[in-house]
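Colleague: Structure file query-v9.pdb (PDB, C-alpha atoms and all ligand atoms) is given on the next line.
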```
ATOM      1  CA  MET A1299     -98.046 -50.431  57.454  1.00  0.00           C
ATOM      2  CA  THR A1300     -95.077 -52.474  56.257  1.00  0.00           C
ATOM      3  CA  GLN A1301     -91.934 -50.509  55.573  1.00  0.00           C
ATOM      4  CA  THR A1302     -89.770 -51.293  52.597  1.00  0.00           C
ATOM      5  CA  LEU A1303     -86.597 -53.028  53.631  1.00  0.00           C
ATOM      6  CA  ASP A1304     -83.370 -51.142  53.159  1.00  0.00           C
ATOM      7  CA  ALA A1305     -80.235 -53.066  54.082  1.00  0.00           C
ATOM      8  CA  PHE A1306     -80.714 -56.264  56.064  1.00  0.00           C
ATOM      9  CA  THR A1307     -77.744 -58.605  56.236  1.00  0.00           C
ATOM     10  CA  VAL A1308     -77.672 -62.297  57.036  1.00  0.00           C
ATOM     11  CA  ALA A1309     -74.109 -63.515  57.712  1.00  0.00           C
ATOM     12  CA  ILE A1310     -73.515 -67.270  57.552  1.00  0.00           C
ATOM     13  CA  ASP A1311     -70.157 -68.786  58.456  1.00  0.00           C
ATOM     14  CA  GLY A1312     -68.949 -72.316  59.000  1.00  0.00           C
ATOM     15  CA  PRO A1313     -66.501 -74.993  57.866  1.00  0.00           C
ATOM     16  CA  ALA A1314     -66.469 -76.865  54.537  1.00  0.00           C
ATOM     17  CA  ALA A1315     -69.589 -78.819  53.570  1.00  0.00           C
ATOM     18  CA  ALA A1316     -71.485 -77.916  56.758  1.00  0.00           C
ATOM     19  CA  GLY A1317     -74.507 -76.892  54.668  1.00  0.00           C
ATOM     20  CA  LYS A1318     -74.101 -73.118  54.791  1.00  0.00           C
ATOM     21  CA  GLY A1319     -74.464 -72.737  51.010  1.00  0.00           C
ATOM     22  CA  THR A1320     -77.709 -74.722  51.010  1.00  0.00           C
ATOM     23  CA  VAL A1321     -79.096 -72.701  53.918  1.00  0.00           C
ATOM     24  CA  ALA A1322     -77.958 -69.417  52.315  1.00  0.00           C
ATOM     25  CA  ARG A1323     -79.613 -70.225  48.974  1.00  0.00           C
ATOM     26  CA  ALA A1324     -82.863 -71.257  50.686  1.00  0.00           C
ATOM     27  CA  LEU A1325     -82.969 -68.038  52.749  1.00  0.00           C
ATOM     28  CA  ALA A1326     -82.282 -65.938  49.646  1.00  0.00           C
ATOM     29  CA  GLU A1327     -85.075 -67.675  47.771  1.00  0.00           C
ATOM     30  CA  GLY A1328     -87.538 -67.655  50.669  1.00  0.00           C
ATOM     31  CA  PHE A1329     -87.042 -64.026  51.718  1.00  0.00           C
ATOM     32  CA  GLY A1330     -86.093 -62.493  48.357  1.00  0.00           C
ATOM     33  CA  PHE A1331     -82.541 -61.581  49.448  1.00  0.00           C
ATOM     34  CA  ALA A1332     -79.556 -61.347  47.123  1.00  0.00           C
ATOM     35  CA  HIS A1333     -77.006 -64.114  47.794  1.00  0.00           C
ATOM     36  CA  LEU A1334     -73.206 -64.039  47.640  1.00  0.00           C
ATOM     37  CA  ASP A1335     -71.199 -67.257  48.040  1.00  0.00           C
ATOM     38  CA  THR A1336     -67.953 -65.591  49.135  1.00  0.00           C
ATOM     39  CA  GLY A1337     -66.024 -68.875  48.832  1.00  0.00           C
ATOM     40  CA  LEU A1338     -66.323 -68.491  45.066  1.00  0.00           C
ATOM     41  CA  LEU A1339     -64.215 -65.300  45.241  1.00  0.00           C
ATOM     42  CA  TYR A1340     -61.350 -67.181  46.936  1.00  0.00           C
ATOM     43  CA  ARG A1341     -61.762 -70.186  44.632  1.00  0.00           C
ATOM     44  CA  ALA A1342     -61.524 -67.890  41.598  1.00  0.00           C
ATOM     45  CA  VAL A1343     -58.396 -66.186  42.969  1.00  0.00           C
ATOM     46  CA  GLY A1344     -56.816 -69.577  43.701  1.00  0.00           C
ATOM     47  CA  MET A1345     -57.530 -70.909  40.205  1.00  0.00           C
ATOM     48  CA  LYS A1346     -56.451 -67.764  38.339  1.00  0.00           C
ATOM     49  CA  GLY A1347     -52.783 -68.584  38.797  1.00  0.00           C
ATOM     50  CA  GLY A1348     -49.914 -66.107  38.989  1.00  0.00           C
ATOM     51  CA  ASP A1349     -49.605 -63.715  41.906  1.00  0.00           C
ATOM     52  CA  PRO A1350     -52.686 -64.225  44.139  1.00  0.00           C
ATOM     53  CA  VAL A1351     -52.659 -60.623  45.400  1.00  0.00           C
ATOM     54  CA  ALA A1352     -52.735 -59.276  41.825  1.00  0.00           C
ATOM     55  CA  ALA A1353     -55.420 -61.855  40.977  1.00  0.00           C
ATOM     56  CA  ALA A1354     -57.608 -60.667  43.885  1.00  0.00           C
ATOM     57  CA  ARG A1355     -57.143 -56.995  42.967  1.00  0.00           C
ATOM     58  CA  THR A1356     -58.183 -57.590  39.354  1.00  0.00           C
ATOM     59  CA  LEU A1357     -60.875 -60.202  39.946  1.00  0.00           C
ATOM     60  CA  ALA A1358     -63.610 -59.853  37.309  1.00  0.00           C
ATOM     61  CA  ALA A1359     -67.066 -61.331  36.765  1.00  0.00           C
ATOM     62  CA  ALA A1360     -65.706 -63.688  34.081  1.00  0.00           C
ATOM     63  CA  ASP A1361     -63.323 -65.256  36.649  1.00  0.00           C
ATOM     64  CA  LEU A1362     -66.368 -66.282  38.706  1.00  0.00           C
ATOM     65  CA  ARG A1363     -67.928 -68.086  35.752  1.00  0.00           C
ATOM     66  CA  ARG A1364     -65.175 -70.737  35.351  1.00  0.00           C
ATOM     67  CA  ASP A1365     -66.672 -74.216  35.430  1.00  0.00           C
ATOM     68  CA  ASP A1366     -63.917 -75.740  37.612  1.00  0.00           C
ATOM     69  CA  LEU A1367     -64.554 -73.593  40.699  1.00  0.00           C
ATOM     70  CA  ARG A1368     -66.450 -76.377  42.513  1.00  0.00           C
ATOM     71  CA  SER A1369     -63.602 -78.917  42.195  1.00  0.00           C
ATOM     72  CA  LEU A1370     -61.620 -80.231  45.167  1.00  0.00           C
ATOM     73  CA  ALA A1371     -58.506 -78.629  43.647  1.00  0.00           C
ATOM     74  CA  ALA A1372     -60.218 -75.223  43.655  1.00  0.00           C
ATOM     75  CA  ALA A1373     -61.202 -75.678  47.313  1.00  0.00           C
ATOM     76  CA  GLU A1374     -57.577 -76.439  48.215  1.00  0.00           C
ATOM     77  CA  ALA A1375     -56.237 -73.515  46.182  1.00  0.00           C
ATOM     78  CA  ALA A1376     -58.828 -71.193  47.774  1.00  0.00           C
ATOM     79  CA  SER A1377     -57.851 -72.107  51.291  1.00  0.00           C
ATOM     80  CA  VAL A1378     -54.157 -71.430  50.533  1.00  0.00           C
ATOM     81  CA  VAL A1379     -54.670 -67.955  48.999  1.00  0.00           C
ATOM     82  CA  ALA A1380     -57.305 -67.122  51.660  1.00  0.00           C
ATOM     83  CA  ALA A1381     -54.563 -67.066  54.297  1.00  0.00           C
ATOM     84  CA  ILE A1382     -52.836 -64.095  52.588  1.00  0.00           C
ATOM     85  CA  PRO A1383     -53.954 -60.824  54.282  1.00  0.00           C
ATOM     86  CA  GLU A1384     -53.588 -58.711  51.078  1.00  0.00           C
ATOM     87  CA  VAL A1385     -55.855 -61.133  49.200  1.00  0.00           C
ATOM     88  CA  ARG A1386     -58.520 -60.817  51.899  1.00  0.00           C
ATOM     89  CA  ALA A1387     -58.151 -57.027  52.007  1.00  0.00           C
ATOM     90  CA  ALA A1388     -58.684 -56.759  48.245  1.00  0.00           C
ATOM     91  CA  LEU A1389     -62.042 -58.548  48.536  1.00  0.00           C
ATOM     92  CA  VAL A1390     -63.478 -56.715  51.574  1.00  0.00           C
ATOM     93  CA  GLU A1391     -65.074 -53.707  49.862  1.00  0.00           C
ATOM     94  CA  PHE A1392     -66.966 -55.731  47.255  1.00  0.00           C
ATOM     95  CA  GLN A1393     -68.438 -57.975  49.954  1.00  0.00           C
ATOM     96  CA  ARG A1394     -69.443 -55.044  52.198  1.00  0.00           C
ATOM     97  CA  GLN A1395     -71.175 -53.243  49.345  1.00  0.00           C
ATOM     98  CA  PHE A1396     -73.023 -56.421  48.433  1.00  0.00           C
ATOM     99  CA  ALA A1397     -74.166 -56.786  52.060  1.00  0.00           C
ATOM    100  CA  GLN A1398     -75.728 -53.301  51.998  1.00  0.00           C
ATOM    101  CA  MET A1399     -77.932 -54.035  48.998  1.00  0.00           C
ATOM    102  CA  ALA A1400     -81.502 -52.725  49.345  1.00  0.00           C
ATOM    103  CA  GLY A1401     -83.977 -55.533  49.922  1.00  0.00           C
ATOM    104  CA  GLY A1402     -81.544 -57.600  51.982  1.00  0.00           C
ATOM    105  CA  ALA A1403     -78.546 -59.828  51.344  1.00  0.00           C
ATOM    106  CA  VAL A1404     -77.220 -63.138  52.596  1.00  0.00           C
ATOM    107  CA  LEU A1405     -73.487 -63.835  52.449  1.00  0.00           C
ATOM    108  CA  ASP A1406     -71.880 -67.151  53.338  1.00  0.00           C
ATOM    109  CA  GLY A1407     -68.215 -67.744  54.067  1.00  0.00           C
ATOM    110  CA  ARG A1408     -65.729 -67.943  56.931  1.00  0.00           C
ATOM    111  CA  ASP A1409     -65.428 -64.382  58.293  1.00  0.00           C
ATOM    112  CA  ILE A1410     -68.721 -62.726  57.380  1.00  0.00           C
ATOM    113  CA  GLY A1411     -70.055 -62.302  60.924  1.00  0.00           C
ATOM    114  CA  THR A1412     -66.636 -61.576  62.433  1.00  0.00           C
ATOM    115  CA  VAL A1413     -64.873 -59.282  59.907  1.00  0.00           C
ATOM    116  CA  ILE A1414     -66.938 -58.418  56.820  1.00  0.00           C
ATOM    117  CA  CYS A1415     -70.309 -57.642  58.459  1.00  0.00           C
ATOM    118  CA  PRO A1416     -69.904 -57.482  62.248  1.00  0.00           C
ATOM    119  CA  GLU A1417     -73.149 -55.423  62.342  1.00  0.00           C
ATOM    120  CA  ALA A1418     -75.225 -58.008  60.438  1.00  0.00           C
ATOM    121  CA  GLU A1419     -78.823 -58.306  61.656  1.00  0.00           C
ATOM    122  CA  VAL A1420     -78.574 -62.114  61.684  1.00  0.00           C
ATOM    123  CA  LYS A1421     -75.433 -64.198  62.256  1.00  0.00           C
ATOM    124  CA  LEU A1422     -75.492 -67.951  61.865  1.00  0.00           C
ATOM    125  CA  PHE A1423     -72.646 -70.418  62.338  1.00  0.00           C
ATOM    126  CA  VAL A1424     -73.515 -73.615  60.476  1.00  0.00           C
ATOM    127  CA  THR A1425     -71.373 -76.600  61.407  1.00  0.00           C
ATOM    128  CA  ALA A1426     -71.261 -80.429  61.518  1.00  0.00           C
ATOM    129  CA  SER A1427     -68.746 -83.109  62.482  1.00  0.00           C
ATOM    130  CA  PRO A1428     -65.784 -83.602  60.084  1.00  0.00           C
ATOM    131  CA  GLU A1429     -66.949 -87.152  59.270  1.00  0.00           C
ATOM    132  CA  VAL A1430     -70.457 -86.043  58.304  1.00  0.00           C
ATOM    133  CA  ARG A1431     -69.095 -83.174  56.217  1.00  0.00           C
ATOM    134  CA  ALA A1432     -66.557 -85.382  54.429  1.00  0.00           C
ATOM    135  CA  ARG A1433     -69.287 -87.922  53.632  1.00  0.00           C
ATOM    136  CA  ARG A1434     -71.478 -85.203  52.115  1.00  0.00           C
ATOM    137  CA  ARG A1435     -68.588 -83.850  50.024  1.00  0.00           C
ATOM    138  CA  TRP A1436     -67.688 -87.382  48.930  1.00  0.00           C
ATOM    139  CA  HIS A1437     -71.291 -88.105  47.856  1.00  0.00           C
ATOM    140  CA  GLU A1438     -71.667 -84.870  45.913  1.00  0.00           C
ATOM    141  CA  SER A1439     -68.223 -84.984  44.254  1.00  0.00           C
ATOM    142  CA  ARG A1440     -68.101 -86.224  40.683  1.00  0.00           C
ATOM    143  CA  GLU A1441     -64.391 -86.965  41.117  1.00  0.00           C
ATOM    144  CA  ALA A1442     -63.281 -90.539  41.906  1.00  0.00           C
ATOM    145  CA  VAL A1443     -61.589 -89.833  45.235  1.00  0.00           C
ATOM    146  CA  PRO A1444     -61.712 -92.271  48.211  1.00  0.00           C
ATOM    147  CA  TYR A1445     -63.733 -91.132  51.253  1.00  0.00           C
ATOM    148  CA  GLU A1446     -60.604 -91.212  53.488  1.00  0.00           C
ATOM    149  CA  GLU A1447     -58.881 -88.751  51.170  1.00  0.00           C
ATOM    150  CA  VAL A1448     -61.849 -86.366  51.244  1.00  0.00           C
ATOM    151  CA  LEU A1449     -61.906 -86.610  55.058  1.00  0.00           C
ATOM    152  CA  ALA A1450     -58.184 -85.815  55.200  1.00  0.00           C
ATOM    153  CA  GLN A1451     -58.732 -82.782  52.931  1.00  0.00           C
ATOM    154  CA  VAL A1452     -61.631 -81.545  55.062  1.00  0.00           C
ATOM    155  CA  ARG A1453     -59.520 -81.840  58.224  1.00  0.00           C
ATOM    156  CA  ALA A1454     -56.525 -80.130  56.602  1.00  0.00           C
ATOM    157  CA  ARG A1455     -58.709 -77.282  55.322  1.00  0.00           C
ATOM    158  CA  ASP A1456     -60.402 -76.866  58.742  1.00  0.00           C
ATOM    159  CA  ALA A1457     -56.971 -76.648  60.396  1.00  0.00           C
ATOM    160  CA  ARG A1458     -55.734 -74.089  57.856  1.00  0.00           C
ATOM    161  CA  ASP A1459     -58.937 -71.990  58.011  1.00  0.00           C
ATOM    162  CA  MET A1460     -59.085 -72.000  61.822  1.00  0.00           C
ATOM    163  CA  GLY A1461     -55.351 -71.644  62.407  1.00  0.00           C
ATOM    164  CA  ARG A1462     -54.527 -68.718  60.120  1.00  0.00           C
ATOM    165  CA  ASP A1463     -53.735 -65.300  61.588  1.00  0.00           C
ATOM    166  CA  SER A1464     -55.829 -63.351  59.109  1.00  0.00           C
ATOM    167  CA  ALA A1465     -59.607 -63.662  59.756  1.00  0.00           C
ATOM    168  CA  PRO A1466     -59.552 -67.237  61.086  1.00  0.00           C
ATOM    169  CA  LEU A1467     -62.734 -69.292  60.903  1.00  0.00           C
ATOM    170  CA  ARG A1468     -64.661 -68.911  64.149  1.00  0.00           C
ATOM    171  CA  ALA A1469     -68.199 -68.168  65.256  1.00  0.00           C
ATOM    172  CA  ALA A1470     -68.959 -64.542  66.135  1.00  0.00           C
ATOM    173  CA  GLU A1471     -69.845 -64.185  69.814  1.00  0.00           C
ATOM    174  CA  ASP A1472     -73.441 -63.328  68.953  1.00  0.00           C
ATOM    175  CA  ALA A1473     -73.869 -65.983  66.222  1.00  0.00           C
ATOM    176  CA  VAL A1474     -76.529 -68.669  66.551  1.00  0.00           C
ATOM    177  CA  ILE A1475     -74.897 -72.096  66.107  1.00  0.00           C
ATOM    178  CA  ILE A1476     -76.738 -74.604  63.919  1.00  0.00           C
ATOM    179  CA  ASP A1477     -75.144 -78.071  64.062  1.00  0.00           C
ATOM    180  CA  THR A1478     -76.431 -79.994  61.027  1.00  0.00           C
ATOM    181  CA  SER A1479     -74.756 -83.348  61.898  1.00  0.00           C
ATOM    182  CA  ASP A1480     -78.142 -84.854  62.768  1.00  0.00           C
ATOM    183  CA  LEU A1481     -80.437 -82.478  60.899  1.00  0.00           C
ATOM    184  CA  SER A1482     -82.095 -82.955  57.515  1.00  0.00           C
ATOM    185  CA  ILE A1483     -81.691 -80.137  54.994  1.00  0.00           C
ATOM    186  CA  ALA A1484     -85.323 -79.153  55.595  1.00  0.00           C
ATOM    187  CA  GLU A1485     -84.770 -78.990  59.373  1.00  0.00           C
ATOM    188  CA  ALA A1486     -81.647 -76.837  59.018  1.00  0.00           C
ATOM    189  CA  ILE A1487     -83.478 -74.459  56.662  1.00  0.00           C
ATOM    190  CA  ALA A1488     -86.489 -74.291  59.007  1.00  0.00           C
ATOM    191  CA  ARG A1489     -84.283 -73.296  61.956  1.00  0.00           C
ATOM    192  CA  ALA A1490     -82.460 -70.634  59.986  1.00  0.00           C
ATOM    193  CA  SER A1491     -85.710 -69.275  58.504  1.00  0.00           C
ATOM    194  CA  ALA A1492     -87.314 -68.934  61.941  1.00  0.00           C
ATOM    195  CA  ILE A1493     -84.340 -66.873  63.156  1.00  0.00           C
ATOM    196  CA  VAL A1494     -84.472 -64.593  60.102  1.00  0.00           C
ATOM    197  CA  ARG A1495     -88.251 -64.192  60.360  1.00  0.00           C
ATOM    198  CA  ALA A1496     -87.992 -63.085  63.996  1.00  0.00           C
ATOM    199  CA  SER A1497     -85.200 -60.636  63.235  1.00  0.00           C
ATOM    200  CA  LEU A1498     -87.055 -59.191  60.224  1.00  0.00           C
ATOM    201  CA  ALA A1499     -90.175 -58.674  62.330  1.00  0.00           C
ATOM    202  CA  ALA A1500     -88.105 -56.831  64.937  1.00  0.00           C
ATOM    203  CA  ALA A1501     -86.417 -54.686  62.255  1.00  0.00           C
ATOM    204  CA  ARG A1502     -89.759 -53.768  60.687  1.00  0.00           C
ATOM    205  CA  SER A1503     -91.362 -52.806  63.978  1.00  0.00           C
ATOM    206  CA  ARG A1504     -88.507 -50.474  64.956  1.00  0.00           C
ATOM    207  CA  PRO A1505     -89.417 -46.822  64.430  1.00  0.00           C
ATOM    208  CA  THR A1506     -87.443 -45.249  61.579  1.00  0.00           C
ATOM    209  CA  ALA A1507     -85.417 -42.095  62.182  1.00  0.00           C
ATOM    210  CA  PRO A1508     -87.150 -38.897  60.973  1.00  0.00           C
ATOM    211  CA  PRO A1509     -85.791 -37.588  57.633  1.00  0.00           C
TER     212      PRO A1509
HETATM  213  O1  LIG B1601     -68.001 -74.996  50.040  1.00  0.00           O
HETATM  214  P1  LIG B1601     -66.832 -75.076  50.962  1.00  0.00           P
HETATM  215  O2  LIG B1601     -67.204 -74.740  52.347  1.00  0.00           O
HETATM  216  O3  LIG B1601     -66.062 -76.341  50.820  1.00  0.00           O
HETATM  217  O4  LIG B1601     -65.784 -74.007  50.472  1.00  0.00           O
HETATM  218  P2  LIG B1601     -65.940 -72.453  50.200  1.00  0.00           P
HETATM  219  O5  LIG B1601     -66.947 -71.848  51.116  1.00  0.00           O
HETATM  220  O6  LIG B1601     -66.145 -72.264  48.736  1.00  0.00           O
HETATM  221  O7  LIG B1601     -64.494 -71.907  50.635  1.00  0.00           O
HETATM  222  C1  LIG B1601     -63.305 -72.397  50.077  1.00  0.00           C
HETATM  223  C2  LIG B1601     -62.138 -71.847  50.901  1.00  0.00           C
HETATM  224  O8  LIG B1601     -62.095 -70.433  50.733  1.00  0.00           O
HETATM  225  C3  LIG B1601     -62.254 -72.067  52.401  1.00  0.00           C
HETATM  226  O9  LIG B1601     -61.657 -73.280  52.823  1.00  0.00           O
HETATM  227  C4  LIG B1601     -61.547 -70.849  52.994  1.00  0.00           C
HETATM  228  O10 LIG B1601     -60.166 -71.053  53.140  1.00  0.00           O
HETATM  229  C5  LIG B1601     -61.739 -69.783  51.950  1.00  0.00           C
HETATM  230  N1  LIG B1601     -62.755 -68.782  52.328  1.00  0.00           N
HETATM  231  C6  LIG B1601     -62.400 -67.779  53.211  1.00  0.00           C
HETATM  232  O11 LIG B1601     -61.282 -67.768  53.716  1.00  0.00           O
HETATM  233  N2  LIG B1601     -63.283 -66.789  53.535  1.00  0.00           N
HETATM  234  C7  LIG B1601     -64.507 -66.787  53.037  1.00  0.00           C
HETATM  235  N3  LIG B1601     -65.348 -65.793  53.355  1.00  0.00           N
HETATM  236  C8  LIG B1601     -64.921 -67.800  52.150  1.00  0.00           C
HETATM  237  C9  LIG B1601     -64.012 -68.801  51.818  1.00  0.00           C
END
```
Spit out the file's structure as structure tokens when you get a sec.
Modeller:
Amino acid sequence: MTQTLDAFTVAIDGPAAAGKGTVARALAEGFGFAHLDTGLLYRAVGMKGGDPVAAARTLAAADLRRDDLRSLAAAEAASVVAAIPEVRAALVEFQRQFAQMAGGAVLDGRDIGTVICPEAEVKLFVTASPEVRARRRWHESREAVPYEEVLAQVRARDARDMGRDSAPLRAAEDAVIIDTSDLSIAEAIARASAIVRASLAAARSRPTAPP
């Protein structure tokens, strides 16, 4: 008999434009999980203006619907406010509650497997070389920015995200690393799906505690 799934969390971390959003969306669609792109929270705080700590504490659904959140400027602003510990602290509870949603949830970001959901059933670290990531961002950007400038931004953001004191970007010790430098989107999704499938099967076959 198949049990209904209570909480089941997939944590995906990795640097800019590594493909974690694409993998996260595909897993959500394929397995029926809810999906939270946690980068959007930091982008919205960065673009709100004013005091970033106050912006994080009062973040509302409407702030996440702005149409400029995918811009390069929003990515820069996000990475600056994301280094402030009080901003991160204000966003923790919302992310943890989302992760516990019945039916399963996938969250992608920088510190999901390390800080937000250290107990996640599946942890993936999706990465790729800076050159490959900058090329992808350059291709998908509708802004007329030279490739070299996008590469410089990717490198600067990597350095800031990995070098900050508060929840720096790094793979959790038990994360599975998926390097997408030489993988197609379909191959990256297939690898991630196989890992989730195996973990789900293990979770479903575990005996449940008596009521
Ligand atoms: O899509 P991309 O990887 O370029 O960016 P994003 O995931 O939307 O994240 C934008 C910025 O927000 C990152 O460079 C991080 O500084 C910050 N961020 C974070 O610190 N923690 C997260 N969980 C998600 C994003």
Colleague: Tell me which of A:Gln1393, A:Thr1307, A:Ser1497, A:Ser1479 sits closest to Leu1338 in chain A, counting only C-alpha atoms.
Modeller: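 Checking each of A:Gln1393, A:Thr1307, A:Ser1497, A:Ser1479 against Leu1338 in chain A, counting only C-alpha atoms, the winner is A:Gln1393.
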Colleague: Using all atoms listed in the file, find each residue with an atom at most 6 Å away from ligand LIG 1601 (chain B) and format the answer as a list in words.
Modeller: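 Final answer, ordered by chain and number: Pro1313, Ala1314, Ala1315, Thr1336, Gly1337, Leu1338, Tyr1340, Ala1373, Ala1376, Ser1377, Ala1380, Gly1407, Arg1408, Asp1409, Arg1455 and Asp1459 of chain A.
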Colleague: Kindly extract all protein, DNA and RNA residues lying within 7 Å of the coordinates (-65.1, -59.1, 43.2) given in the file, considering all atoms listed in the file, and supply them as a list in words.
Modeller: Leu1339, Leu1357, Ala1358, Leu1389 and Phe1392 of chain A
Colleague: Write the selection just made, keeping C-alpha atoms, as a PDB file, in the frame of the given file?
Modeller:
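See selection_6.pdb below for the written result:
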```pdb
ATOM      1  CA  LEU A1339     -64.215 -65.300  45.241  1.00  0.00           C
ATOM      2  CA  LEU A1357     -60.875 -60.202  39.946  1.00  0.00           C
ATOM      3  CA  ALA A1358     -63.610 -59.853  37.309  1.00  0.00           C
ATOM      4  CA  LEU A1389     -62.042 -58.548  48.536  1.00  0.00           C
ATOM      5  CA  PHE A1392     -66.966 -55.731  47.255  1.00  0.00           C
TER       6      PHE A1392
END
```
Colleague: Residues of range 1311-1364 of chain A that have any atom at most 9 Å from an atom of range 1485-1489 of chain A: could you tabulate them with the shortest-distance atom pair and the distance in Å to one decimal, using all atoms listed in the file, ordered by chain and increasing number, as a tab-separated table?
Modeller:
```
residue	atom	partner	partner_atom	distance
A:Gly1317	CA	A:Ala1486	CA	8.4
A:Thr1320	CA	A:Ile1487	CA	8.1
A:Val1321	CA	A:Ile1487	CA	5.5
A:Ala1322	CA	A:Ile1487	CA	8.6
A:Ala1324	CA	A:Ile1487	CA	6.8
A:Leu1325	CA	A:Ile1487	CA	7.5
```
Colleague: Smallest atom-to-atom distance to Val1390 in chain A: which of A:Ala1496, A:Val1378, A:Ala1354, A:Leu1303, using all atoms listed in the file?
Modeller: A:Ala1354
